[in-house]
$ cat work_33.csv   # CSV, C-alpha atoms
chain,number,residue,atom,x,y,z
A,889,MET,CA,81.3,109.8,101.4
A,890,LEU,CA,83.7,111.6,103.7
A,891,ARG,CA,87.4,111.4,103.2
A,892,PHE,CA,88.7,110.8,106.8
A,893,LEU,CA,88.8,107.1,106.2
A,894,SER,CA,92.4,107.0,105.3
A,895,LEU,CA,93.6,104.2,107.5
A,896,CYS,CA,90.3,102.6,108.5
A,897,LEU,CA,89.9,98.9,108.9
A,898,MET,CA,88.1,96.9,106.2
A,899,ILE,CA,84.7,95.6,107.3
A,900,ALA,CA,82.6,93.2,105.3
A,901,LEU,CA,80.4,95.1,102.9
A,902,ALA,CA,77.6,92.7,103.3
A,903,GLY,CA,77.7,92.7,107.0
A,904,PRO,CA,75.7,94.9,109.4
A,905,VAL,CA,76.9,98.4,110.2
A,906,HIS,CA,76.3,98.1,114.0
A,907,ALA,CA,78.8,98.7,116.7
A,908,GLN,CA,80.5,95.8,118.5
A,909,PRO,CA,78.1,94.3,120.9
A,910,ARG,CA,80.6,93.6,123.7
A,911,ALA,CA,80.9,96.3,126.3
A,912,PRO,CA,84.5,97.6,126.4
A,913,LEU,CA,86.5,97.3,129.5
A,914,PRO,CA,87.2,100.5,131.5
A,915,GLN,CA,90.9,100.5,130.6
A,916,HIS,CA,90.1,100.3,126.9
A,917,GLN,CA,87.7,103.2,127.2
A,918,GLN,CA,90.5,105.2,129.0
A,919,THR,CA,93.0,104.4,126.3
A,920,ALA,CA,90.6,105.5,123.6
A,921,VAL,CA,90.0,108.8,125.4
A,922,ALA,CA,93.7,109.3,125.7
A,923,VAL,CA,94.2,108.7,122.0
A,924,TRP,CA,91.4,111.2,121.2
A,925,GLU,CA,93.2,113.8,123.4
A,926,VAL,CA,96.8,113.2,122.3
A,927,MET,CA,95.8,113.1,118.6
A,928,ARG,CA,94.0,116.4,119.1
A,929,LEU,CA,90.8,115.0,117.6
A,930,ASP,CA,88.8,117.8,119.3
A,931,ASN,CA,90.3,120.0,116.6
A,932,LEU,CA,89.5,117.5,113.8
A,933,ALA,CA,85.8,116.9,114.7
A,934,PRO,CA,84.6,120.4,113.6
A,935,ILE,CA,86.5,120.0,110.4
A,936,LEU,CA,84.7,116.7,109.7
A,937,ARG,CA,81.4,118.5,110.3
A,938,GLU,CA,82.3,121.2,107.8
A,939,GLU,CA,83.3,118.6,105.3
A,940,ALA,CA,79.9,116.9,105.8
A,941,VAL,CA,78.0,120.1,105.3
A,942,ALA,CA,79.9,120.8,102.1
A,943,GLU,CA,79.3,117.4,100.7
A,944,GLY,CA,75.7,117.5,101.9
A,945,THR,CA,75.2,120.7,100.1
A,946,GLU,CA,76.4,119.1,96.9
A,947,MET,CA,74.2,116.1,97.5
A,948,ALA,CA,71.2,118.3,98.0
A,949,ALA,CA,71.7,119.9,94.6
A,950,ALA,CA,71.6,116.5,93.0
A,951,MET,CA,68.9,114.8,95.1
A,952,PHE,CA,66.3,117.4,96.1
A,953,PRO,CA,64.2,119.8,94.0
A,954,ARG,CA,65.4,123.3,94.6
A,955,GLY,CA,68.3,122.1,96.7
A,956,GLY,CA,68.4,121.4,100.5
A,957,THR,CA,66.6,123.4,103.1
A,958,GLY,CA,67.9,124.9,106.3
A,959,ARG,CA,66.5,121.9,108.0
A,960,TRP,CA,68.7,119.6,105.9
A,961,VAL,CA,71.9,121.5,106.8
A,962,ASP,CA,70.9,121.7,110.5
A,963,GLY,CA,70.3,117.9,110.4
A,964,ILE,CA,73.8,117.4,109.0
A,965,ARG,CA,75.3,119.5,111.7
A,966,ALA,CA,73.5,117.5,114.4
A,967,ILE,CA,74.6,114.2,112.9
A,968,TYR,CA,78.2,115.4,112.9
A,969,ASP,CA,78.1,117.1,116.3
A,970,PRO,CA,81.7,117.0,117.6
A,971,ALA,CA,80.6,115.6,121.0
A,972,ARG,CA,78.7,112.8,119.2
A,973,ILE,CA,81.7,112.0,117.0
A,974,ARG,CA,83.8,111.7,120.1
A,975,MET,CA,81.4,109.3,121.7
A,976,LEU,CA,81.2,107.1,118.6
A,977,PHE,CA,84.9,107.1,118.1
A,978,VAL,CA,85.7,106.2,121.7
A,979,ALA,CA,83.2,103.4,121.7
A,980,GLY,CA,84.4,102.0,118.4
A,981,MET,CA,88.1,102.2,119.3
A,982,ALA,CA,87.5,100.7,122.8
A,983,ALA,CA,85.6,97.8,121.3
A,984,ALA,CA,88.6,97.0,119.0
A,985,MET,CA,91.2,97.3,121.7
A,986,PRO,CA,91.3,93.6,122.8
A,987,ALA,CA,92.8,92.7,119.4
A,988,ALA,CA,95.8,95.1,119.9
A,989,ARG,CA,99.0,94.7,121.7
A,990,PRO,CA,99.0,97.3,124.5
A,991,GLU,CA,102.7,98.0,124.3
A,992,ASP,CA,102.5,98.8,120.5
A,993,VAL,CA,99.6,101.1,121.1
A,994,GLN,CA,101.4,102.9,123.9
A,995,LYS,CA,104.5,103.3,121.8
A,996,GLY,CA,102.5,104.5,118.8
A,997,LEU,CA,100.7,107.1,121.0
A,998,ALA,CA,104.0,108.2,122.5
A,999,PHE,CA,105.2,109.2,119.1
A,1000,TYR,CA,102.4,111.7,118.8
A,1001,GLY,CA,103.2,113.1,122.3
A,1002,THR,CA,106.5,114.3,121.0
A,1003,VAL,CA,107.1,117.8,119.6
A,1004,PHE,CA,107.6,116.3,116.1
A,1005,GLY,CA,104.4,114.2,116.4
A,1006,GLN,CA,102.4,117.2,117.5
A,1007,ARG,CA,103.8,119.2,114.6
A,1008,MET,CA,102.7,116.5,112.2
A,1009,LEU,CA,99.2,116.7,113.6
A,1010,ALA,CA,99.1,120.4,113.3
A,1011,LEU,CA,100.2,120.3,109.6
A,1012,GLU,CA,97.6,117.7,108.8
A,1013,ALA,CA,94.8,119.7,110.5
A,1014,SER,CA,95.8,122.9,108.8
A,1015,ALA,CA,95.8,121.2,105.4
A,1016,ARG,CA,92.3,119.7,106.0
A,1017,VAL,CA,91.0,123.2,106.7
A,1018,ALA,CA,92.6,124.7,103.7
A,1019,MET,CA,91.4,121.9,101.4
A,1020,LEU,CA,87.8,122.7,102.3
A,1021,ASP,CA,88.3,125.4,99.7
A,1022,ALA,CA,87.7,123.8,96.3
A,1023,ASP,CA,90.3,126.0,94.6
A,1024,VAL,CA,92.9,124.9,97.1
A,1025,GLU,CA,92.1,121.3,96.6
A,1026,ALA,CA,92.2,121.6,92.8
A,1027,THR,CA,95.6,123.4,93.1
A,1028,ALA,CA,96.9,120.7,95.4
A,1029,ARG,CA,95.8,117.9,93.1
A,1030,ASP,CA,97.4,119.6,90.1
A,1031,ALA,CA,100.7,120.1,92.0
A,1032,PHE,CA,100.9,116.5,93.1
A,1033,ALA,CA,100.0,115.1,89.6
A,1034,ARG,CA,102.6,117.4,88.1
A,1035,ALA,CA,105.2,116.3,90.6
A,1036,VAL,CA,104.5,112.6,89.9
A,1037,ARG,CA,104.8,113.2,86.2
A,1038,GLN,CA,108.2,114.9,86.7
A,1039,ARG,CA,109.3,112.1,89.0
A,1040,ASP,CA,109.9,114.6,91.8
A,1041,PRO,CA,111.7,112.9,94.8
A,1042,ARG,CA,109.2,114.5,97.2
A,1043,ALA,CA,106.3,112.9,95.2
A,1044,ALA,CA,108.1,109.6,95.4
A,1045,ARG,CA,108.3,109.9,99.2
A,1046,ILE,CA,104.6,110.7,99.4
A,1047,ILE,CA,103.8,107.6,97.3
A,1048,ARG,CA,106.1,105.6,99.6
A,1049,LEU,CA,104.2,106.9,102.6
A,1050,ILE,CA,100.9,105.9,101.0
A,1051,GLN,CA,102.2,102.4,100.4
A,1052,VAL,CA,103.8,101.7,103.8
A,1053,ALA,CA,100.8,103.1,105.6
A,1054,ASP,CA,98.4,101.2,103.3
A,1055,LEU,CA,96.1,104.1,102.7
A,1056,ILE,CA,94.4,103.3,99.4
A,1057,GLU,CA,92.7,99.9,99.8
A,1058,PRO,CA,91.2,100.5,103.3
A,1059,ASN,CA,90.1,104.0,102.2
A,1060,VAL,CA,88.3,102.6,99.2
A,1061,ALA,CA,86.7,99.9,101.4
A,1062,GLY,CA,85.7,102.5,103.9
A,1063,GLY,CA,84.1,104.7,101.3
A,1064,LEU,CA,82.1,101.7,100.0
A,1065,ASN,CA,81.1,100.8,103.5
A,1066,ALA,CA,79.9,104.4,104.0
A,1067,ALA,CA,77.9,104.2,100.7
A,1068,VAL,CA,76.3,101.0,101.9
A,1069,ALA,CA,75.4,102.5,105.3
A,1070,PHE,CA,73.9,105.5,103.6
A,1071,SER,CA,71.8,103.4,101.3
A,1072,ARG,CA,70.6,101.3,104.2
A,1073,GLY,CA,69.6,104.4,106.1
A,1074,PHE,CA,67.9,105.8,102.9
A,1075,GLN,CA,66.0,102.6,102.5
A,1076,ALA,CA,65.0,102.5,106.2
A,1077,GLY,CA,63.6,106.0,105.8
A,1078,GLY,CA,61.5,105.1,102.8
A,1079,GLY,CA,63.6,107.0,100.3
A,1080,PHE,CA,63.6,104.5,97.5
A,1081,ALA,CA,60.6,104.5,95.3
A,1082,MET,CA,61.1,100.7,94.9
A,1083,PRO,CA,62.6,99.0,97.9
A,1084,LEU,CA,66.0,97.4,97.3
A,1085,SER,CA,67.3,94.1,98.6
A,1086,ASP,CA,70.5,94.3,100.7
A,1087,GLY,CA,72.3,92.5,97.9
A,1088,GLU,CA,71.2,95.2,95.5
A,1089,ILE,CA,72.4,97.9,97.8
A,1090,VAL,CA,75.9,96.3,98.1
A,1091,ARG,CA,76.1,95.8,94.3
A,1092,ASP,CA,75.2,99.5,93.7
A,1093,ALA,CA,77.9,100.5,96.1
A,1094,TRP,CA,80.5,98.3,94.3
A,1095,ALA,CA,79.5,99.9,91.0
A,1096,GLN,CA,81.1,103.1,92.4
A,1097,GLU,CA,84.4,101.3,93.2
A,1098,SER,CA,86.4,102.5,90.2
A,1099,ARG,CA,85.4,106.2,90.5
A,1100,LEU,CA,85.9,106.1,94.3
A,1101,ARG,CA,89.4,104.6,93.9
A,1102,GLY,CA,90.4,107.2,91.4
A,1103,ASP,CA,89.2,110.0,93.7
A,1104,THR,CA,90.8,108.4,96.7
A,1105,GLU,CA,94.2,108.1,95.1
A,1106,GLY,CA,94.1,111.7,93.8
A,1107,TRP,CA,92.9,113.2,97.0
A,1108,ILE,CA,95.2,111.4,99.4
A,1109,GLY,CA,98.2,112.1,97.4
A,1110,ALA,CA,97.4,115.8,97.0
A,1111,TYR,CA,96.5,116.1,100.7
A,1112,LEU,CA,99.8,114.6,101.9
A,1113,PHE,CA,101.8,116.5,99.4
A,1114,TYR,CA,100.2,119.8,100.5
A,1115,ALA,CA,100.3,119.0,104.2
A,1116,TYR,CA,104.0,118.0,104.4
A,1117,ALA,CA,105.4,120.6,101.9
A,1118,VAL,CA,107.2,122.4,104.7
A,1119,LEU,CA,109.0,119.3,106.0
A,1120,GLY,CA,112.6,118.4,105.1
A,1121,ASP,CA,113.3,115.1,103.5
A,1122,ALA,CA,114.8,113.7,106.7
A,1123,GLU,CA,111.7,114.6,108.6
A,1124,LEU,CA,109.4,113.0,106.1
A,1125,ASP,CA,111.6,109.9,106.0
A,1126,ARG,CA,111.2,109.8,109.8
A,1127,TYR,CA,107.5,109.8,109.5
A,1128,ILE,CA,107.5,107.2,106.8
A,1129,ALA,CA,109.5,104.9,109.1
A,1130,TYR,CA,107.0,105.5,111.9
A,1131,ALA,CA,104.0,104.8,109.6
A,1132,GLY,CA,105.4,101.4,108.6
A,1133,SER,CA,106.4,100.4,112.1
A,1134,ALA,CA,104.5,97.9,114.3
A,1135,GLU,CA,103.5,100.7,116.7
A,1136,GLY,CA,102.5,103.1,114.0
A,1137,GLN,CA,100.3,100.5,112.3
A,1138,ALA,CA,98.8,99.3,115.6
A,1139,LEU,CA,97.7,102.8,116.6
A,1140,SER,CA,96.3,103.4,113.1
A,1141,ARG,CA,94.3,100.3,113.1
A,1142,LEU,CA,92.7,101.2,116.4
A,1143,MET,CA,92.1,104.9,115.5
A,1144,PHE,CA,90.3,104.0,112.4
A,1145,ALA,CA,88.3,101.2,114.0
A,1146,GLY,CA,87.1,104.2,116.0
A,1147,PHE,CA,86.3,106.1,112.8
A,1148,ASP,CA,84.7,103.1,111.2
A,1149,ALA,CA,82.2,103.3,114.0
A,1150,VAL,CA,81.8,107.1,113.4
A,1151,PHE,CA,81.2,106.8,109.7
A,1152,ALA,CA,79.0,103.7,109.9
A,1153,GLN,CA,76.6,105.5,112.1
A,1154,THR,CA,76.8,109.0,110.6
A,1155,SER,CA,76.4,107.6,107.0
A,1156,HIS,CA,73.4,105.6,108.0
A,1157,ASP,CA,71.9,108.7,109.7
A,1158,MET,CA,72.6,110.8,106.6
A,1159,GLY,CA,70.6,108.3,104.6
A,1160,LEU,CA,67.7,108.6,107.0
A,1161,ALA,CA,67.9,112.4,106.9
A,1162,ALA,CA,68.0,112.4,103.1
A,1163,ALA,CA,64.9,110.2,102.9
A,1164,ALA,CA,63.1,112.4,105.3
A,1165,GLU,CA,64.0,115.5,103.4
A,1166,LEU,CA,62.9,113.9,100.1
A,1167,ARG,CA,59.6,112.8,101.6
A,1168,GLY,CA,59.0,116.3,102.9
A,1169,ARG,CA,59.5,117.7,99.4
A,1170,GLN,CA,57.0,115.3,98.0
A,1171,LEU,CA,54.2,116.1,100.4

$ encode --input "work_33.csv" --output "structure tokens"
Amino acid sequence: MLRFLSLCLMIALAGPVHAQPRAPLPQHQQTAVAVWEVMRLDNLAPILREEAVAEGTEMAAAMFPRGGTGRWVDGIRAIYDPARIRMLFVAGMAAAMPAARPEDVQKGLAFYGTVFGQRMLALEASARVAMLDADVEATARDAFARAVRQRDPRAARIIRLIQVADLIEPNVAGGLNAAVAFSRGFQAGGGFAMPLSDGEIVRDAWAQESRLRGDTEGWIGAYLFYAYAVLGDAELDRYIAYAGSAEGQALSRLMFAGFDAVFAQTSHDMGLAAAAELRGRQL
């Protein structure tokens, strides 16, 4: 499904995709809101919605006779409403807060409060917008693949960043989780002609693992190579050091606990919406 699962936590594929049942403490809620604001996620949420619309349009061409209707696109926009994304993120992150060391989280967040940290966020957001264009994405993928083949030192630094930040495995797991959540929603909405067991849904998701892994590796490398092209080597090395630090990893785990909650719910809702759209076409 969506690609903003870059540092998300692994959750058990066979487990339910519900939010944590324990109500978060007020201070945890406040910290999650502070993370949302410092990380400028209000700027990211509309990008996530546009990515969802783009992927939903591709999905419609494959799943629905004559493609998706305006109702389908409107439904996607409602599912990925930025205010809703914020609510789900804050709740998910706050629920994960008890497992984190508060001092690490504060240090990690302080990094992004600096001029350099804010610059990194701006570069990442700009690259996300640009790569909504399929031609830009293809060019970025080609550039990174060529740099890897040529053993370009910049490509080596991007690979090092991917490794120290542990981007691939959690991203693949997150994509599989999203696929499971979508199928569960599709099943709940009566989308399958023959109902599937939960075990069958999980096995079908795992059958996509190799393809998903290849796409994840290509996209993340291309995205980071494109986003950080203007940075000097020393600046990129500074960011790599932060990404591998205790505070950098603590903040990342919490942030993407928040995004786990976002994508678990939105993927399930997309499955429900897809089933409703398909049933409407069959009437």

$ closest_residue --input "work_33.csv" --among "A:Val978, A:Ala1162, A:Met1082, A:Ala1066" --to "Leu929 (chain A)" --atoms "all atoms listed in the file"
A:Val978

$ closest_residue --input "work_33.csv" --among "A:Ala1067, A:Val1150, A:Ala1163, A:Ala1022" --to "Leu1100 (chain A)" --atoms "only C-alpha atoms"
A:Ala1067

$ closest_residue --input "work_33.csv" --among "A:Glu1123, A:Asp1021, A:Glu991, A:Asp930" --to "Ala942 (chain A)" --atoms "all atoms listed in the file"
A:Asp1021

$ residues_around --input "work_33.csv" --residues "region 917-922 of chain A" --least-positions-apart "3" --cutoff "8 Å" --atoms "all atoms listed in the file" --output "list in words"
Pro912, Leu913, Pro914, Glu925, Val926, Val978, Ala979, Met981 and Ala982 of chain A

$ axis_aligned_box --input "work_33.csv" --around "region 964-982 of chain A" --padding-each-side "8 Å" --output "AutoDock Vina command-line options"
--center_x 80.8 --center_y 110.1 --center_z 115.9 --size_x 30.6 --size_y 34.8 --size_z 29.8

$ atom_distance --input "work_33.csv" --atom1 "CA of Asn1059 (chain A)" --atom2 "CA of Ala1093 (chain A)"
14.1 Å

$ atom_distance --input "work_33.csv" --atom1 "CA of Asp1157 (chain A)" --atom2 "CA of Gly1077 (chain A)"
9.6 Å

$ residues_near_point --input "work_33.csv" --point "(100.6, 118.8, 110.7)" --cutoff "12 Å" --atoms "all atoms listed in the file" --output "JSON, numbers by chain"
{"A": [927, 928, 931, 932, 1000, 1003, 1004, 1005, 1006, 1007, 1008, 1009, 1010, 1011, 1012, 1013, 1014, 1015, 1016, 1017, 1111, 1112, 1113, 1114, 1115, 1116, 1117, 1118, 1119, 1124, 1127]}

$ atom_distance --input "work_33.csv" --atom1 "CA of Arg1126 (chain A)" --atom2 "CA of Leu1142 (chain A)"
21.4 Å

$ closest_residue --input "work_33.csv" --among "A:Ala1131, A:Ala971, A:Ala1026, A:Val1068" --to "Asp1086 (chain A)" --atoms "only C-alpha atoms"
A:Val1068

$ residues_around --input "work_33.csv" --residues "Arg1141 (chain A)" --least-positions-apart "3" --cutoff "12 Å" --atoms "all atoms listed in the file" --output "NGL selection string"
:A and (893-898 or 980-982 or 984-985 or 987-989 or 992-993 or 996 or 1053-1055 or 1058 or 1131 or 1134-1138 or 1144-1148)

$ write_last_selection --input "work_33.csv" --atoms "C-alpha atoms" --output "PDB file, in the frame of the given file"
ATOM      1  CA  LEU A 893      88.800 107.100 106.200  1.00  0.00           C
ATOM      2  CA  SER A 894      92.400 107.000 105.300  1.00  0.00           C
ATOM      3  CA  LEU A 895      93.600 104.200 107.500  1.00  0.00           C
ATOM      4  CA  CYS A 896      90.300 102.600 108.500  1.00  0.00           C
ATOM      5  CA  LEU A 897      89.900  98.900 108.900  1.00  0.00           C
ATOM      6  CA  MET A 898      88.100  96.900 106.200  1.00  0.00           C
ATOM      7  CA  GLY A 980      84.400 102.000 118.400  1.00  0.00           C
ATOM      8  CA  MET A 981      88.100 102.200 119.300  1.00  0.00           C
ATOM      9  CA  ALA A 982      87.500 100.700 122.800  1.00  0.00           C
ATOM     10  CA  ALA A 984      88.600  97.000 119.000  1.00  0.00           C
ATOM     11  CA  MET A 985      91.200  97.300 121.700  1.00  0.00           C
ATOM     12  CA  ALA A 987      92.800  92.700 119.400  1.00  0.00           C
ATOM     13  CA  ALA A 988      95.800  95.100 119.900  1.00  0.00           C
ATOM     14  CA  ARG A 989      99.000  94.700 121.700  1.00  0.00           C
ATOM     15  CA  ASP A 992     102.500  98.800 120.500  1.00  0.00           C
ATOM     16  CA  VAL A 993      99.600 101.100 121.100  1.00  0.00           C
ATOM     17  CA  GLY A 996     102.500 104.500 118.800  1.00  0.00           C
ATOM     18  CA  ALA A1053     100.800 103.100 105.600  1.00  0.00           C
ATOM     19  CA  ASP A1054      98.400 101.200 103.300  1.00  0.00           C
ATOM     20  CA  LEU A1055      96.100 104.100 102.700  1.00  0.00           C
ATOM     21  CA  PRO A1058      91.200 100.500 103.300  1.00  0.00           C
ATOM     22  CA  ALA A1131     104.000 104.800 109.600  1.00  0.00           C
ATOM     23  CA  ALA A1134     104.500  97.900 114.300  1.00  0.00           C
ATOM     24  CA  GLU A1135     103.500 100.700 116.700  1.00  0.00           C
ATOM     25  CA  GLY A1136     102.500 103.100 114.000  1.00  0.00           C
ATOM     26  CA  GLN A1137     100.300 100.500 112.300  1.00  0.00           C
ATOM     27  CA  ALA A1138      98.800  99.300 115.600  1.00  0.00           C
ATOM     28  CA  PHE A1144      90.300 104.000 112.400  1.00  0.00           C
ATOM     29  CA  ALA A1145      88.300 101.200 114.000  1.00  0.00           C
ATOM     30  CA  GLY A1146      87.100 104.200 116.000  1.00  0.00           C
ATOM     31  CA  PHE A1147      86.300 106.100 112.800  1.00  0.00           C
ATOM     32  CA  ASP A1148      84.700 103.100 111.200  1.00  0.00           C
TER      33      ASP A1148
END

$ closest_residue --input "work_33.csv" --among "A:Val923, A:Ala940, A:Leu1084, A:Val1052" --to "Ser1155 (chain A)" --atoms "all atoms listed in the file"
A:Ala940

$ closest_residue --input "work_33.csv" --among "A:Leu997, A:Phe977, A:Val941, A:Gln1038" --to "Tyr1130 (chain A)" --atoms "all atoms listed in the file"
A:Leu997

$ decode --input "work_33.csv" --residues "region 1083-1092 of chain A" --atoms "all heavy atoms" --output "PDB file, in the first residue's frame"
ATOM      1  N   PRO A1083     -15.691 -16.202   0.772  1.00  0.00           N
ATOM      2  CA  PRO A1083     -15.018 -15.697   1.982  1.00  0.00           C
ATOM      3  C   PRO A1083     -13.715 -16.431   2.258  1.00  0.00           C
ATOM      4  O   PRO A1083     -13.602 -17.638   2.026  1.00  0.00           O
ATOM      5  CB  PRO A1083     -16.042 -15.947   3.086  1.00  0.00           C
ATOM      6  CG  PRO A1083     -17.361 -15.983   2.377  1.00  0.00           C
ATOM      7  CD  PRO A1083     -17.086 -16.603   1.033  1.00  0.00           C
ATOM      8  N   LEU A1084     -12.710 -15.693   2.742  1.00  0.00           N
ATOM      9  CA  LEU A1084     -11.414 -16.257   3.072  1.00  0.00           C
ATOM     10  C   LEU A1084     -11.257 -16.360   4.587  1.00  0.00           C
ATOM     11  O   LEU A1084     -11.792 -15.532   5.326  1.00  0.00           O
ATOM     12  CB  LEU A1084     -10.290 -15.377   2.521  1.00  0.00           C
ATOM     13  CG  LEU A1084     -10.262 -15.119   1.015  1.00  0.00           C
ATOM     14  CD1 LEU A1084      -9.100 -14.201   0.672  1.00  0.00           C
ATOM     15  CD2 LEU A1084     -10.165 -16.423   0.241  1.00  0.00           C
ATOM     16  N   SER A1085     -10.507 -17.353   5.019  1.00  0.00           N
ATOM     17  CA  SER A1085     -10.149 -17.418   6.433  1.00  0.00           C
ATOM     18  C   SER A1085      -9.061 -16.385   6.694  1.00  0.00           C
ATOM     19  O   SER A1085      -8.398 -15.902   5.768  1.00  0.00           O
ATOM     20  CB  SER A1085      -9.640 -18.809   6.796  1.00  0.00           C
ATOM     21  OG  SER A1085      -8.375 -19.040   6.189  1.00  0.00           O
ATOM     22  N   ASP A1086      -8.862 -16.055   7.978  1.00  0.00           N
ATOM     23  CA  ASP A1086      -7.821 -15.081   8.293  1.00  0.00           C
ATOM     24  C   ASP A1086      -6.453 -15.630   7.902  1.00  0.00           C
ATOM     25  O   ASP A1086      -5.583 -14.876   7.455  1.00  0.00           O
ATOM     26  CB  ASP A1086      -7.857 -14.732   9.781  1.00  0.00           C
ATOM     27  CG  ASP A1086      -7.320 -13.343  10.065  1.00  0.00           C
ATOM     28  OD1 ASP A1086      -7.828 -12.384   9.453  1.00  0.00           O
ATOM     29  OD2 ASP A1086      -6.376 -13.223  10.868  1.00  0.00           O
ATOM     30  N   GLY A1087      -6.271 -16.929   8.044  1.00  0.00           N
ATOM     31  CA  GLY A1087      -5.008 -17.539   7.640  1.00  0.00           C
ATOM     32  C   GLY A1087      -4.762 -17.388   6.154  1.00  0.00           C
ATOM     33  O   GLY A1087      -3.629 -17.142   5.719  1.00  0.00           O
ATOM     34  N   GLU A1088      -5.816 -17.525   5.345  1.00  0.00           N
ATOM     35  CA  GLU A1088      -5.676 -17.359   3.904  1.00  0.00           C
ATOM     36  C   GLU A1088      -5.336 -15.913   3.551  1.00  0.00           C
ATOM     37  O   GLU A1088      -4.530 -15.652   2.643  1.00  0.00           O
ATOM     38  CB  GLU A1088      -6.966 -17.783   3.202  1.00  0.00           C
ATOM     39  CG  GLU A1088      -7.192 -19.282   3.216  1.00  0.00           C
ATOM     40  CD  GLU A1088      -8.563 -19.658   2.675  1.00  0.00           C
ATOM     41  OE1 GLU A1088      -9.554 -18.949   2.986  1.00  0.00           O
ATOM     42  OE2 GLU A1088      -8.653 -20.664   1.944  1.00  0.00           O
ATOM     43  N   ILE A1089      -5.931 -14.967   4.265  1.00  0.00           N
ATOM     44  CA  ILE A1089      -5.626 -13.556   4.030  1.00  0.00           C
ATOM     45  C   ILE A1089      -4.153 -13.273   4.305  1.00  0.00           C
ATOM     46  O   ILE A1089      -3.467 -12.605   3.522  1.00  0.00           O
ATOM     47  CB  ILE A1089      -6.527 -12.662   4.901  1.00  0.00           C
ATOM     48  CG1 ILE A1089      -7.958 -12.668   4.353  1.00  0.00           C
ATOM     49  CG2 ILE A1089      -5.986 -11.233   4.964  1.00  0.00           C
ATOM     50  CD1 ILE A1089      -8.953 -11.921   5.212  1.00  0.00           C
ATOM     51  N   VAL A1090      -3.642 -13.820   5.412  1.00  0.00           N
ATOM     52  CA  VAL A1090      -2.230 -13.608   5.763  1.00  0.00           C
ATOM     53  C   VAL A1090      -1.324 -14.281   4.732  1.00  0.00           C
ATOM     54  O   VAL A1090      -0.325 -13.695   4.298  1.00  0.00           O
ATOM     55  CB  VAL A1090      -1.950 -14.132   7.179  1.00  0.00           C
ATOM     56  CG1 VAL A1090      -0.449 -14.105   7.479  1.00  0.00           C
ATOM     57  CG2 VAL A1090      -2.703 -13.302   8.206  1.00  0.00           C
ATOM     58  N   ARG A1091      -1.656 -15.485   4.302  1.00  0.00           N
ATOM     59  CA  ARG A1091      -0.827 -16.183   3.304  1.00  0.00           C
ATOM     60  C   ARG A1091      -0.815 -15.426   1.981  1.00  0.00           C
ATOM     61  O   ARG A1091       0.221 -15.325   1.323  1.00  0.00           O
ATOM     62  CB  ARG A1091      -1.335 -17.613   3.104  1.00  0.00           C
ATOM     63  CG  ARG A1091      -0.949 -18.564   4.229  1.00  0.00           C
ATOM     64  CD  ARG A1091      -1.157 -20.005   3.828  1.00  0.00           C
ATOM     65  NE  ARG A1091      -2.554 -20.315   3.574  1.00  0.00           N
ATOM     66  CZ  ARG A1091      -3.425 -20.676   4.519  1.00  0.00           C
ATOM     67  NH1 ARG A1091      -3.032 -20.748   5.785  1.00  0.00           N
ATOM     68  NH2 ARG A1091      -4.670 -20.955   4.215  1.00  0.00           N
ATOM     69  N   ASP A1092      -1.958 -14.889   1.578  1.00  0.00           N
ATOM     70  CA  ASP A1092      -2.014 -14.115   0.338  1.00  0.00           C
ATOM     71  C   ASP A1092      -1.126 -12.879   0.428  1.00  0.00           C
ATOM     72  O   ASP A1092      -0.475 -12.491  -0.542  1.00  0.00           O
ATOM     73  CB  ASP A1092      -3.453 -13.695   0.030  1.00  0.00           C
ATOM     74  CG  ASP A1092      -4.299 -14.852  -0.484  1.00  0.00           C
ATOM     75  OD1 ASP A1092      -3.724 -15.911  -0.806  1.00  0.00           O
ATOM     76  OD2 ASP A1092      -5.541 -14.696  -0.557  1.00  0.00           O
TER      77      ASP A1092
END
